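Here the structure comes first, spelled out in structure tokens, and everything after it is commentary.
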Amino acid sequence: MEDGDVYDCIDVYKQPAFNHPLLKDHKTQMKPSSFPVWMDTQTFPSDSFSQVQPSIIKCPTGTIPILCSNGSSTIATHNIDGLKNDMQWERAGLRYVGDLFGARALINVWEPKVKKSQDSSSLWINIENGGGQHTDRMGAGLRVSPTLSGDAFVRFHVAWYDGYSKKSCVDFSCPGYVQVHHNVGPGSRIQPSSVYGGVQKVVDIQIFKEPTSGHWWVSVNKMPIGYWPGGLFKFIRYKGGFAFWGGQVEGPTAASNSPEMGSGHFALEGFGKAAFMEGIEIADNKGWFVTPDKSRVKHGSSDRSKYTADGFEVRKDLGMLFFYGGPGSKRA
């Protein structure tokens with residue numbers, strides 16, 4: 001790649017997903033048979049707001065791109081296990097409780113500073129179901145993770161947690177996620193980032209359940225790139241029961257020496273300075289993306305001294321939106 005990234009182009013039918021025992025005879029679906037109906041909203045003025053595309057990876061048709069960590073010849077297969085005893089986390093954002101069949105948002109693109117450690121900082125969407133130790137989770141969004149990619153760039157990633165086998169996975173760290181797009185995939189750089197006090201960049205991330213196959217698809221700017229087969233999960237096979245939009249930091253020192261979240265500035269600084277998500281929607285059982293019921297939505301932070309989530313509102317032109325983020329352990 002021109003930006004220095006190195007990818008392996010793997011035969012779509014020989015990708016890591018098919019090493020999963022439940023996917024030995026899986027029939028790859030190259031595109032969804034149907035899409036949810038998007039409820040588009042207007043955005044901020046075009047002179048201060050624009051959509052950014054992920055880096056285009058030039059793998060040939062019939063193959064899928066897998067990022068090599070830090071330009072090495074070894075495929076990045078790090079496993080980030082959220083249940084390890086030394087794993088800490090903090091969150092700031094919105095949470096919705098209720099049945100859902102997808103989640104979507106325009107995510108404001110920033111590149112939070114993360115020290116060279118095993119910590120990471122994400123601008124993220126999660127869907128979950130189950131409870132306690134028996135929770136399935138899938139998510140997609142933007143993440144700075146030096147351990148995963150070997151650098152401090154913000155990249156598109158997918159992640160999931162199988163509550164039945166109690167295993168956490170990111171991208172291709174373990175089999176399960178099926179990649180189908182040959183030009184855009186997990187690990188793609190998202191650039192340029194937003195400018196503090198200047199032009200703001202966004203990327204449209206969607207996760208939705210395709211009713212015919214039961215697969216959970218991931219789309220970037222309305223372009224479907226891959227999916228989790230519904231049969232992988234026990235508790236989220238049919239629907240989600242909880243969704244989260246916002247910032248998340250994870251790692252051995254994510255709470256004791258927390259990295260930046262979002263722009264590194266608190267939510268109350270507002271547009272152009274704090275990270276935001278807008279056009280927040282869930283997919284209902286009729287295949288429509290709709291604005292969530294406000295009575296089922298709460299916003300907050302695990303530690304307001306480090307990160308905040310504020311400015312929550314629902315507007316006719318922008319839909320549901322809020323601001324979030326903060327400097328972490330580094331005081332402003």
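Chain identifiers are assigned as A, B, and so on, following the order in which chains appear in the structure tokens; residues are numbered from 1 within each chain, and ligands are numbered from 1 in order of appearance.
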
task: Pick out each residue of region 162-270 of chain A that DSSP on the backbone tags as strand (DSSP E or B); I need them as an NGL selection string.
output: :A and (162 or 167-170 or 178-179 or 189-190 or 200-209 or 216-220 or 223-228 or 240-251 or 261)

Find the residues near Gln191 (chain A): any atom within 12 Å, counting only C-alpha atoms, skip ones fewer than 4 places away on the same chain, and give them as a PDB file with all heavy atoms, in the first residue's frame.
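As written to disk, result31.pdb reads:
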```pdb
ATOM      1  N   ASP A   3       0.520   3.818   1.786  1.00  0.00           N
ATOM      2  CA  ASP A   3       0.728   4.300   3.153  1.00  0.00           C
ATOM      3  C   ASP A   3       1.658   3.396   3.957  1.00  0.00           C
ATOM      4  O   ASP A   3       1.870   3.608   5.150  1.00  0.00           O
ATOM      5  CB  ASP A   3      -0.604   4.470   3.883  1.00  0.00           C
ATOM      6  CG  ASP A   3      -1.424   3.186   3.945  1.00  0.00           C
ATOM      7  OD1 ASP A   3      -0.858   2.101   3.706  1.00  0.00           O
ATOM      8  OD2 ASP A   3      -2.631   3.263   4.246  1.00  0.00           O
ATOM      9  N   SER A  50     -17.473  16.110   6.463  1.00  0.00           N
ATOM     10  CA  SER A  50     -17.461  15.288   5.255  1.00  0.00           C
ATOM     11  C   SER A  50     -17.177  13.837   5.603  1.00  0.00           C
ATOM     12  O   SER A  50     -16.552  13.531   6.618  1.00  0.00           O
ATOM     13  CB  SER A  50     -16.418  15.803   4.255  1.00  0.00           C
ATOM     14  OG  SER A  50     -15.115  15.703   4.794  1.00  0.00           O
ATOM     15  N   GLN A  51     -17.648  12.939   4.740  1.00  0.00           N
ATOM     16  CA  GLN A  51     -17.450  11.510   4.960  1.00  0.00           C
ATOM     17  C   GLN A  51     -16.081  11.091   4.432  1.00  0.00           C
ATOM     18  O   GLN A  51     -15.637  11.553   3.382  1.00  0.00           O
ATOM     19  CB  GLN A  51     -18.553  10.722   4.241  1.00  0.00           C
ATOM     20  CG  GLN A  51     -18.613   9.264   4.646  1.00  0.00           C
ATOM     21  CD  GLN A  51     -19.842   8.585   4.064  1.00  0.00           C
ATOM     22  OE1 GLN A  51     -19.876   8.265   2.875  1.00  0.00           O
ATOM     23  NE2 GLN A  51     -20.853   8.364   4.886  1.00  0.00           N
ATOM     24  N   VAL A  52     -15.419  10.211   5.171  1.00  0.00           N
ATOM     25  CA  VAL A  52     -14.103   9.729   4.764  1.00  0.00           C
ATOM     26  C   VAL A  52     -14.216   8.241   4.432  1.00  0.00           C
ATOM     27  O   VAL A  52     -14.993   7.511   5.040  1.00  0.00           O
ATOM     28  CB  VAL A  52     -13.057   9.976   5.878  1.00  0.00           C
ATOM     29  CG1 VAL A  52     -13.395   9.209   7.146  1.00  0.00           C
ATOM     30  CG2 VAL A  52     -11.659   9.600   5.415  1.00  0.00           C
ATOM     31  N   GLN A  53     -13.470   7.808   3.435  1.00  0.00           N
ATOM     32  CA  GLN A  53     -13.492   6.418   3.002  1.00  0.00           C
ATOM     33  C   GLN A  53     -12.289   5.665   3.575  1.00  0.00           C
ATOM     34  O   GLN A  53     -11.196   6.244   3.693  1.00  0.00           O
ATOM     35  CB  GLN A  53     -13.450   6.335   1.468  1.00  0.00           C
ATOM     36  CG  GLN A  53     -14.612   7.018   0.766  1.00  0.00           C
ATOM     37  CD  GLN A  53     -15.943   6.358   1.049  1.00  0.00           C
ATOM     38  OE1 GLN A  53     -16.011   5.166   1.344  1.00  0.00           O
ATOM     39  NE2 GLN A  53     -17.019   7.131   0.959  1.00  0.00           N
ATOM     40  N   PRO A  54     -12.459   4.396   3.924  1.00  0.00           N
ATOM     41  CA  PRO A  54     -11.301   3.609   4.355  1.00  0.00           C
ATOM     42  C   PRO A  54     -10.330   3.408   3.196  1.00  0.00           C
ATOM     43  O   PRO A  54     -10.710   3.519   2.025  1.00  0.00           O
ATOM     44  CB  PRO A  54     -11.922   2.275   4.797  1.00  0.00           C
ATOM     45  CG  PRO A  54     -13.247   2.214   4.122  1.00  0.00           C
ATOM     46  CD  PRO A  54     -13.715   3.623   3.940  1.00  0.00           C
ATOM     47  N   SER A  55      -9.085   3.126   3.537  1.00  0.00           N
ATOM     48  CA  SER A  55      -8.071   2.870   2.501  1.00  0.00           C
ATOM     49  C   SER A  55      -8.515   1.726   1.603  1.00  0.00           C
ATOM     50  O   SER A  55      -9.013   0.696   2.080  1.00  0.00           O
ATOM     51  CB  SER A  55      -6.727   2.516   3.149  1.00  0.00           C
ATOM     52  OG  SER A  55      -6.241   3.599   3.918  1.00  0.00           O
ATOM     53  N   ILE A  56      -8.352   1.910   0.294  1.00  0.00           N
ATOM     54  CA  ILE A  56      -8.707   0.866  -0.667  1.00  0.00           C
ATOM     55  C   ILE A  56      -7.509  -0.077  -0.828  1.00  0.00           C
ATOM     56  O   ILE A  56      -6.397   0.347  -1.169  1.00  0.00           O
ATOM     57  CB  ILE A  56      -9.094   1.467  -2.027  1.00  0.00           C
ATOM     58  CG1 ILE A  56     -10.327   2.380  -1.872  1.00  0.00           C
ATOM     59  CG2 ILE A  56      -9.374   0.362  -3.036  1.00  0.00           C
ATOM     60  CD1 ILE A  56     -11.552   1.677  -1.315  1.00  0.00           C
ATOM     61  N   ASN A 108     -17.713  10.168  14.237  1.00  0.00           N
ATOM     62  CA  ASN A 108     -16.738  11.225  14.029  1.00  0.00           C
ATOM     63  C   ASN A 108     -15.322  10.632  14.156  1.00  0.00           C
ATOM     64  O   ASN A 108     -15.008   9.974  15.140  1.00  0.00           O
ATOM     65  CB  ASN A 108     -16.984  12.302  15.089  1.00  0.00           C
ATOM     66  CG  ASN A 108     -16.181  13.566  14.933  1.00  0.00           C
ATOM     67  OD1 ASN A 108     -15.970  14.272  15.900  1.00  0.00           O
ATOM     68  ND2 ASN A 108     -15.721  13.891  13.739  1.00  0.00           N
ATOM     69  N   VAL A 109     -14.490  10.832  13.144  1.00  0.00           N
ATOM     70  CA  VAL A 109     -13.176  10.179  13.071  1.00  0.00           C
ATOM     71  C   VAL A 109     -12.118  10.992  13.815  1.00  0.00           C
ATOM     72  O   VAL A 109     -11.861  12.158  13.483  1.00  0.00           O
ATOM     73  CB  VAL A 109     -12.740   9.981  11.606  1.00  0.00           C
ATOM     74  CG1 VAL A 109     -11.362   9.304  11.548  1.00  0.00           C
ATOM     75  CG2 VAL A 109     -13.770   9.166  10.839  1.00  0.00           C
ATOM     76  N   TRP A 110     -11.502  10.366  14.818  1.00  0.00           N
ATOM     77  CA  TRP A 110     -10.372  10.946  15.545  1.00  0.00           C
ATOM     78  C   TRP A 110      -9.313   9.861  15.730  1.00  0.00           C
ATOM     79  O   TRP A 110      -9.597   8.670  15.561  1.00  0.00           O
ATOM     80  CB  TRP A 110     -10.804  11.482  16.909  1.00  0.00           C
ATOM     81  CG  TRP A 110     -11.683  12.684  16.837  1.00  0.00           C
ATOM     82  CD1 TRP A 110     -13.057  12.703  16.807  1.00  0.00           C
ATOM     83  CD2 TRP A 110     -11.267  14.049  16.752  1.00  0.00           C
ATOM     84  NE1 TRP A 110     -13.515  13.992  16.708  1.00  0.00           N
ATOM     85  CE2 TRP A 110     -12.445  14.845  16.678  1.00  0.00           C
ATOM     86  CE3 TRP A 110     -10.024  14.677  16.735  1.00  0.00           C
ATOM     87  CZ2 TRP A 110     -12.406  16.223  16.586  1.00  0.00           C
ATOM     88  CZ3 TRP A 110      -9.983  16.067  16.647  1.00  0.00           C
ATOM     89  CH2 TRP A 110     -11.167  16.832  16.572  1.00  0.00           C
ATOM     90  N   GLU A 111      -8.113  10.287  16.083  1.00  0.00           N
ATOM     91  CA  GLU A 111      -7.014   9.349  16.320  1.00  0.00           C
ATOM     92  C   GLU A 111      -6.484   9.573  17.733  1.00  0.00           C
ATOM     93  O   GLU A 111      -5.481  10.264  17.936  1.00  0.00           O
ATOM     94  CB  GLU A 111      -5.911   9.572  15.281  1.00  0.00           C
ATOM     95  CG  GLU A 111      -4.989   8.398  15.089  1.00  0.00           C
ATOM     96  CD  GLU A 111      -4.216   8.522  13.783  1.00  0.00           C
ATOM     97  OE1 GLU A 111      -3.355   9.418  13.684  1.00  0.00           O
ATOM     98  OE2 GLU A 111      -4.500   7.733  12.857  1.00  0.00           O
ATOM     99  N   LEU A 142     -13.895   2.127  14.928  1.00  0.00           N
ATOM    100  CA  LEU A 142     -12.532   2.597  14.724  1.00  0.00           C
ATOM    101  C   LEU A 142     -11.737   2.384  15.998  1.00  0.00           C
ATOM    102  O   LEU A 142     -12.247   2.572  17.097  1.00  0.00           O
ATOM    103  CB  LEU A 142     -12.537   4.088  14.357  1.00  0.00           C
ATOM    104  CG  LEU A 142     -13.537   4.515  13.288  1.00  0.00           C
ATOM    105  CD1 LEU A 142     -13.402   6.001  12.997  1.00  0.00           C
ATOM    106  CD2 LEU A 142     -13.381   3.694  12.023  1.00  0.00           C
ATOM    107  N   PHE A 153      -2.031   4.329  14.378  1.00  0.00           N
ATOM    108  CA  PHE A 153      -3.014   4.875  13.444  1.00  0.00           C
ATOM    109  C   PHE A 153      -4.415   4.388  13.810  1.00  0.00           C
ATOM    110  O   PHE A 153      -4.577   3.276  14.336  1.00  0.00           O
ATOM    111  CB  PHE A 153      -2.696   4.455  12.004  1.00  0.00           C
ATOM    112  CG  PHE A 153      -1.378   4.956  11.499  1.00  0.00           C
ATOM    113  CD1 PHE A 153      -0.500   4.089  10.862  1.00  0.00           C
ATOM    114  CD2 PHE A 153      -1.010   6.287  11.653  1.00  0.00           C
ATOM    115  CE1 PHE A 153       0.723   4.554  10.379  1.00  0.00           C
ATOM    116  CE2 PHE A 153       0.212   6.754  11.183  1.00  0.00           C
ATOM    117  CZ  PHE A 153       1.078   5.881  10.543  1.00  0.00           C
ATOM    118  N   VAL A 154      -5.427   5.186  13.485  1.00  0.00           N
ATOM    119  CA  VAL A 154      -6.795   4.747  13.693  1.00  0.00           C
ATOM    120  C   VAL A 154      -7.208   3.893  12.491  1.00  0.00           C
ATOM    121  O   VAL A 154      -6.963   4.247  11.337  1.00  0.00           O
ATOM    122  CB  VAL A 154      -7.757   5.939  13.900  1.00  0.00           C
ATOM    123  CG1 VAL A 154      -7.862   6.819  12.659  1.00  0.00           C
ATOM    124  CG2 VAL A 154      -9.138   5.447  14.335  1.00  0.00           C
ATOM    125  N   ARG A 155      -7.787   2.742  12.794  1.00  0.00           N
ATOM    126  CA  ARG A 155      -8.151   1.777  11.759  1.00  0.00           C
ATOM    127  C   ARG A 155      -9.545   1.212  12.010  1.00  0.00           C
ATOM    128  O   ARG A 155     -10.032   1.213  13.135  1.00  0.00           O
ATOM    129  CB  ARG A 155      -7.141   0.613  11.734  1.00  0.00           C
ATOM    130  CG  ARG A 155      -5.712   1.033  11.403  1.00  0.00           C
ATOM    131  CD  ARG A 155      -4.746  -0.147  11.511  1.00  0.00           C
ATOM    132  NE  ARG A 155      -3.370   0.229  11.197  1.00  0.00           N
ATOM    133  CZ  ARG A 155      -2.852   0.239   9.970  1.00  0.00           C
ATOM    134  NH1 ARG A 155      -3.600  -0.140   8.949  1.00  0.00           N
ATOM    135  NH2 ARG A 155      -1.598   0.604   9.778  1.00  0.00           N
ATOM    136  N   PHE A 156     -10.140   0.710  10.950  1.00  0.00           N
ATOM    137  CA  PHE A 156     -11.421   0.017  11.076  1.00  0.00           C
ATOM    138  C   PHE A 156     -11.174  -1.399  11.595  1.00  0.00           C
ATOM    139  O   PHE A 156     -10.279  -2.094  11.115  1.00  0.00           O
ATOM    140  CB  PHE A 156     -12.134  -0.045   9.725  1.00  0.00           C
ATOM    141  CG  PHE A 156     -13.344  -0.935   9.730  1.00  0.00           C
ATOM    142  CD1 PHE A 156     -14.531  -0.522  10.311  1.00  0.00           C
ATOM    143  CD2 PHE A 156     -13.284  -2.214   9.188  1.00  0.00           C
ATOM    144  CE1 PHE A 156     -15.637  -1.345  10.344  1.00  0.00           C
ATOM    145  CE2 PHE A 156     -14.388  -3.052   9.211  1.00  0.00           C
ATOM    146  CZ  PHE A 156     -15.560  -2.618   9.792  1.00  0.00           C
ATOM    147  N   VAL A 195      -9.963  17.517  12.408  1.00  0.00           N
ATOM    148  CA  VAL A 195      -9.035  18.545  12.878  1.00  0.00           C
ATOM    149  C   VAL A 195      -9.693  19.316  14.013  1.00  0.00           C
ATOM    150  O   VAL A 195     -10.833  19.780  13.877  1.00  0.00           O
ATOM    151  CB  VAL A 195      -8.655  19.511  11.734  1.00  0.00           C
ATOM    152  CG1 VAL A 195      -7.755  20.625  12.251  1.00  0.00           C
ATOM    153  CG2 VAL A 195      -7.983  18.751  10.592  1.00  0.00           C
ATOM    154  N   GLN A 200     -14.411  18.394  10.115  1.00  0.00           N
ATOM    155  CA  GLN A 200     -14.752  17.160  10.806  1.00  0.00           C
ATOM    156  C   GLN A 200     -15.018  16.037   9.810  1.00  0.00           C
ATOM    157  O   GLN A 200     -15.691  16.235   8.795  1.00  0.00           O
ATOM    158  CB  GLN A 200     -15.985  17.377  11.693  1.00  0.00           C
ATOM    159  CG  GLN A 200     -15.778  18.428  12.775  1.00  0.00           C
ATOM    160  CD  GLN A 200     -14.638  18.061  13.692  1.00  0.00           C
ATOM    161  OE1 GLN A 200     -14.718  17.086  14.439  1.00  0.00           O
ATOM    162  NE2 GLN A 200     -13.560  18.848  13.649  1.00  0.00           N
ATOM    163  N   LYS A 201     -14.486  14.854  10.101  1.00  0.00           N
ATOM    164  CA  LYS A 201     -14.652  13.688   9.237  1.00  0.00           C
ATOM    165  C   LYS A 201     -15.515  12.650   9.942  1.00  0.00           C
ATOM    166  O   LYS A 201     -15.458  12.497  11.164  1.00  0.00           O
ATOM    167  CB  LYS A 201     -13.283  13.077   8.913  1.00  0.00           C
ATOM    168  CG  LYS A 201     -12.323  14.026   8.193  1.00  0.00           C
ATOM    169  CD  LYS A 201     -12.821  14.357   6.799  1.00  0.00           C
ATOM    170  CE  LYS A 201     -11.817  15.203   6.044  1.00  0.00           C
ATOM    171  NZ  LYS A 201     -12.279  15.524   4.675  1.00  0.00           N
ATOM    172  N   VAL A 202     -16.324  11.918   9.157  1.00  0.00           N
ATOM    173  CA  VAL A 202     -17.175  10.875   9.716  1.00  0.00           C
ATOM    174  C   VAL A 202     -17.095   9.630   8.844  1.00  0.00           C
ATOM    175  O   VAL A 202     -16.745   9.692   7.665  1.00  0.00           O
ATOM    176  CB  VAL A 202     -18.659  11.314   9.826  1.00  0.00           C
ATOM    177  CG1 VAL A 202     -18.818  12.495  10.760  1.00  0.00           C
ATOM    178  CG2 VAL A 202     -19.244  11.625   8.457  1.00  0.00           C
ATOM    179  N   VAL A 203     -17.441   8.509   9.440  1.00  0.00           N
ATOM    180  CA  VAL A 203     -17.603   7.254   8.707  1.00  0.00           C
ATOM    181  C   VAL A 203     -18.889   6.602   9.202  1.00  0.00           C
ATOM    182  O   VAL A 203     -19.216   6.671  10.390  1.00  0.00           O
ATOM    183  CB  VAL A 203     -16.369   6.332   8.889  1.00  0.00           C
ATOM    184  CG1 VAL A 203     -16.194   5.912  10.337  1.00  0.00           C
ATOM    185  CG2 VAL A 203     -16.451   5.116   7.985  1.00  0.00           C
TER     186      VAL A 203
END
```

What's the 12 Å shell around region 5-20 of chain A, counting only C-alpha atoms, without same-chain residues fewer than 5 positions away, as a VMD selection string?
chain A and resid 25 to 30 55 to 77 149 to 151 153 155 169 171 to 189 226 to 229 231 to 232

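Once Pro224 (chain A) and its same-chain neighbours fewer than 6 positions away are set aside, Lys31, Trp217 and Val218 of chain A remain within 7 Å of it when counting only C-alpha atoms.
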
Write the residues you've just listed into a file as an mmCIF file, in the first residue's frame, and include N, CA, C and O atoms for each of them.
```cif
data_model
loop_
_atom_site.group_PDB
_atom_site.id
_atom_site.type_symbol
_atom_site.label_atom_id
_atom_site.label_comp_id
_atom_site.auth_asym_id
_atom_site.auth_seq_id
_atom_site.Cartn_x
_atom_site.Cartn_y
_atom_site.Cartn_z
ATOM 1 N N LYS A 31 -22.916 -11.324 -0.685
ATOM 2 C CA LYS A 31 -23.593 -10.060 -0.386
ATOM 3 C C LYS A 31 -24.923 -10.364 0.291
ATOM 4 O O LYS A 31 -25.465 -11.458 0.134
ATOM 5 N N TRP A 217 -24.388 -8.810 9.382
ATOM 6 C CA TRP A 217 -23.509 -8.139 8.434
ATOM 7 C C TRP A 217 -22.903 -6.867 9.012
ATOM 8 O O TRP A 217 -23.511 -6.205 9.860
ATOM 9 N N VAL A 218 -21.710 -6.517 8.517
ATOM 10 C CA VAL A 218 -21.047 -5.254 8.843
ATOM 11 C C VAL A 218 -20.909 -4.457 7.553
ATOM 12 O O VAL A 218 -20.447 -4.992 6.532
#
```

Exercise: Met277 (chain A) partners within 10 Å, only C-alpha atoms, chain neighbours under 5 positions left out, as a compact mmCIF listing (two decimals) with N, CA and C atoms, in the first residue's frame:
```txt
# COMPACT_ATOMS: atom_id res chain seq x y z
N GLY A 93 -20.53 6.81 26.74
CA GLY A 93 -21.39 6.79 25.56
C GLY A 93 -22.84 6.58 25.89
N LEU A 94 -23.56 6.03 24.90
CA LEU A 94 -24.99 5.75 25.01
C LEU A 94 -25.20 4.26 25.09
N ARG A 104 -26.54 1.38 14.13
CA ARG A 104 -25.87 2.20 13.13
C ARG A 104 -25.54 3.57 13.72
N ALA A 105 -24.51 4.23 13.20
CA ALA A 105 -24.21 5.62 13.56
C ALA A 105 -23.18 6.19 12.60
N LEU A 106 -23.21 7.51 12.45
CA LEU A 106 -22.11 8.23 11.84
C LEU A 106 -21.10 8.51 12.94
N ILE A 107 -19.90 7.96 12.80
CA ILE A 107 -18.86 8.09 13.82
C ILE A 107 -17.87 9.16 13.40
N ASN A 108 -17.71 10.17 14.24
CA ASN A 108 -16.74 11.23 14.03
C ASN A 108 -15.32 10.63 14.16
N VAL A 109 -14.49 10.83 13.14
CA VAL A 109 -13.18 10.18 13.07
C VAL A 109 -12.12 10.99 13.81
N LEU A 123 -13.61 3.96 19.00
CA LEU A 123 -14.83 4.72 18.73
C LEU A 123 -15.78 3.68 18.15
N TRP A 124 -16.78 3.25 18.90
CA TRP A 124 -17.28 1.90 18.73
C TRP A 124 -18.80 1.77 18.79
N VAL A 202 -16.32 11.92 9.16
CA VAL A 202 -17.17 10.88 9.72
C VAL A 202 -17.09 9.63 8.84
N VAL A 203 -17.44 8.51 9.44
CA VAL A 203 -17.60 7.25 8.71
C VAL A 203 -18.89 6.60 9.20
N ASP A 204 -19.65 6.02 8.29
CA ASP A 204 -20.96 5.44 8.59
C ASP A 204 -20.78 3.93 8.82
N TRP A 245 -23.08 2.75 21.94
CA TRP A 245 -22.38 3.63 21.00
C TRP A 245 -21.47 4.54 21.81
N GLY A 246 -20.21 4.66 21.45
CA GLY A 246 -19.35 5.59 22.17
C GLY A 246 -17.90 5.20 22.17
N PHE A 312 -26.56 15.03 24.71
CA PHE A 312 -27.48 14.06 24.11
C PHE A 312 -28.77 14.76 23.69
N MET A 320 -30.62 11.18 16.42
CA MET A 320 -30.09 11.07 17.77
C MET A 320 -28.58 11.29 17.74
N LEU A 321 -28.08 12.13 18.65
CA LEU A 321 -26.65 12.43 18.66
C LEU A 321 -26.18 12.72 20.08
N PHE A 322 -24.87 12.65 20.27
CA PHE A 322 -24.25 13.02 21.54
C PHE A 322 -22.76 13.24 21.31
N PHE A 323 -22.10 13.84 22.29
CA PHE A 323 -20.66 14.05 22.29
C PHE A 323 -20.04 13.23 23.42
N TYR A 324 -18.78 12.86 23.25
CA TYR A 324 -18.13 12.02 24.26
C TYR A 324 -16.62 12.15 24.16
```

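Nearest residue to Ser263 (chain A) among A:Gly197, A:Tyr96, A:Arg304, A:Gly325 is A:Gly325, counting only C-alpha atoms.
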
Taking into account only C-alpha atoms, which residue in the set A:Ser34, A:Asn257, A:Ser165, A:Ser329 is nearest to Lys209 (chain A)?
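Of A:Ser34, A:Asn257, A:Ser165, A:Ser329, the one nearest Lys209 (chain A), counting only C-alpha atoms, is A:Ser34.
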
* Identify, on the basis of only C-alpha atoms, every residue whose closest approach to Ala254 (chain A) does not exceed 12 Å; exclude the query and any residue fewer than 3 positions from it along the same chain; express the result as a ChimeraX atom specification. => /A:82,86-91,114-115,117-122,145,248-251,257-261,302-303,306,328-329

How would you write, as a ChimeraX atom specification, the set of residues in region 53-239 of chain A that DSSP gives as alpha helix (DSSP H)?
/A:146-149

Pick from A:Phe266, A:Phe276, A:Trp288, A:Phe244, whichever lies nearest to Arg95 (chain A) using only C-alpha atoms: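 Smallest distance to Arg95 (chain A) is found for A:Phe244.
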
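Checking A:Pro327, A:Ser305, A:Ile190, A:Gly230 one by one against Lys113 (chain A), counting only C-alpha atoms, you find the shortest gap at A:Pro327.
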
| Which neighbours of Asp284 (chain A) fall inside 12 Å, counting only C-alpha atoms, when residues of the same chain fewer than 3 positions from it are skipped, and could you give them as an NGL selection string? | :A and (36-38 or 98-104 or 208-211 or 239-241 or 281 or 287-293)

With C-alpha atoms retained, export the selected residues as a PDB file, in the first residue's frame.
```pdb
ATOM      1  CA  PRO A  36     -32.488  -2.590   6.149  1.00  0.00           C
ATOM      2  CA  VAL A  37     -34.221   0.580   5.021  1.00  0.00           C
ATOM      3  CA  TRP A  38     -31.982   3.519   5.934  1.00  0.00           C
ATOM      4  CA  GLY A  98     -34.440  -3.602  24.199  1.00  0.00           C
ATOM      5  CA  ASP A  99     -34.829  -5.959  21.241  1.00  0.00           C
ATOM      6  CA  LEU A 100     -32.864  -4.927  18.159  1.00  0.00           C
ATOM      7  CA  PHE A 101     -31.707  -6.419  14.880  1.00  0.00           C
ATOM      8  CA  GLY A 102     -28.985  -3.926  14.032  1.00  0.00           C
ATOM      9  CA  ALA A 103     -27.261  -0.704  15.094  1.00  0.00           C
ATOM     10  CA  ARG A 104     -25.867   2.201  13.132  1.00  0.00           C
ATOM     11  CA  PHE A 208     -27.497  -5.580  10.848  1.00  0.00           C
ATOM     12  CA  LYS A 209     -29.109  -9.000  10.852  1.00  0.00           C
ATOM     13  CA  GLU A 210     -30.025 -10.283   7.403  1.00  0.00           C
ATOM     14  CA  PRO A 211     -33.331 -12.140   7.950  1.00  0.00           C
ATOM     15  CA  LYS A 239     -31.653 -10.769  18.052  1.00  0.00           C
ATOM     16  CA  GLY A 240     -29.746  -8.359  20.255  1.00  0.00           C
ATOM     17  CA  GLY A 241     -30.955  -7.092  23.612  1.00  0.00           C
ATOM     18  CA  GLU A 281     -30.369   4.135  14.890  1.00  0.00           C
ATOM     19  CA  GLY A 287     -36.061  -4.384   8.618  1.00  0.00           C
ATOM     20  CA  TRP A 288     -36.130  -0.623   9.195  1.00  0.00           C
ATOM     21  CA  PHE A 289     -33.436   1.479  10.815  1.00  0.00           C
ATOM     22  CA  VAL A 290     -35.231   3.787  13.257  1.00  0.00           C
ATOM     23  CA  THR A 291     -34.295   6.247  15.996  1.00  0.00           C
ATOM     24  CA  PRO A 292     -34.285   4.405  19.353  1.00  0.00           C
ATOM     25  CA  ASP A 293     -37.005   5.100  21.919  1.00  0.00           C
TER      26      ASP A 293
END
```
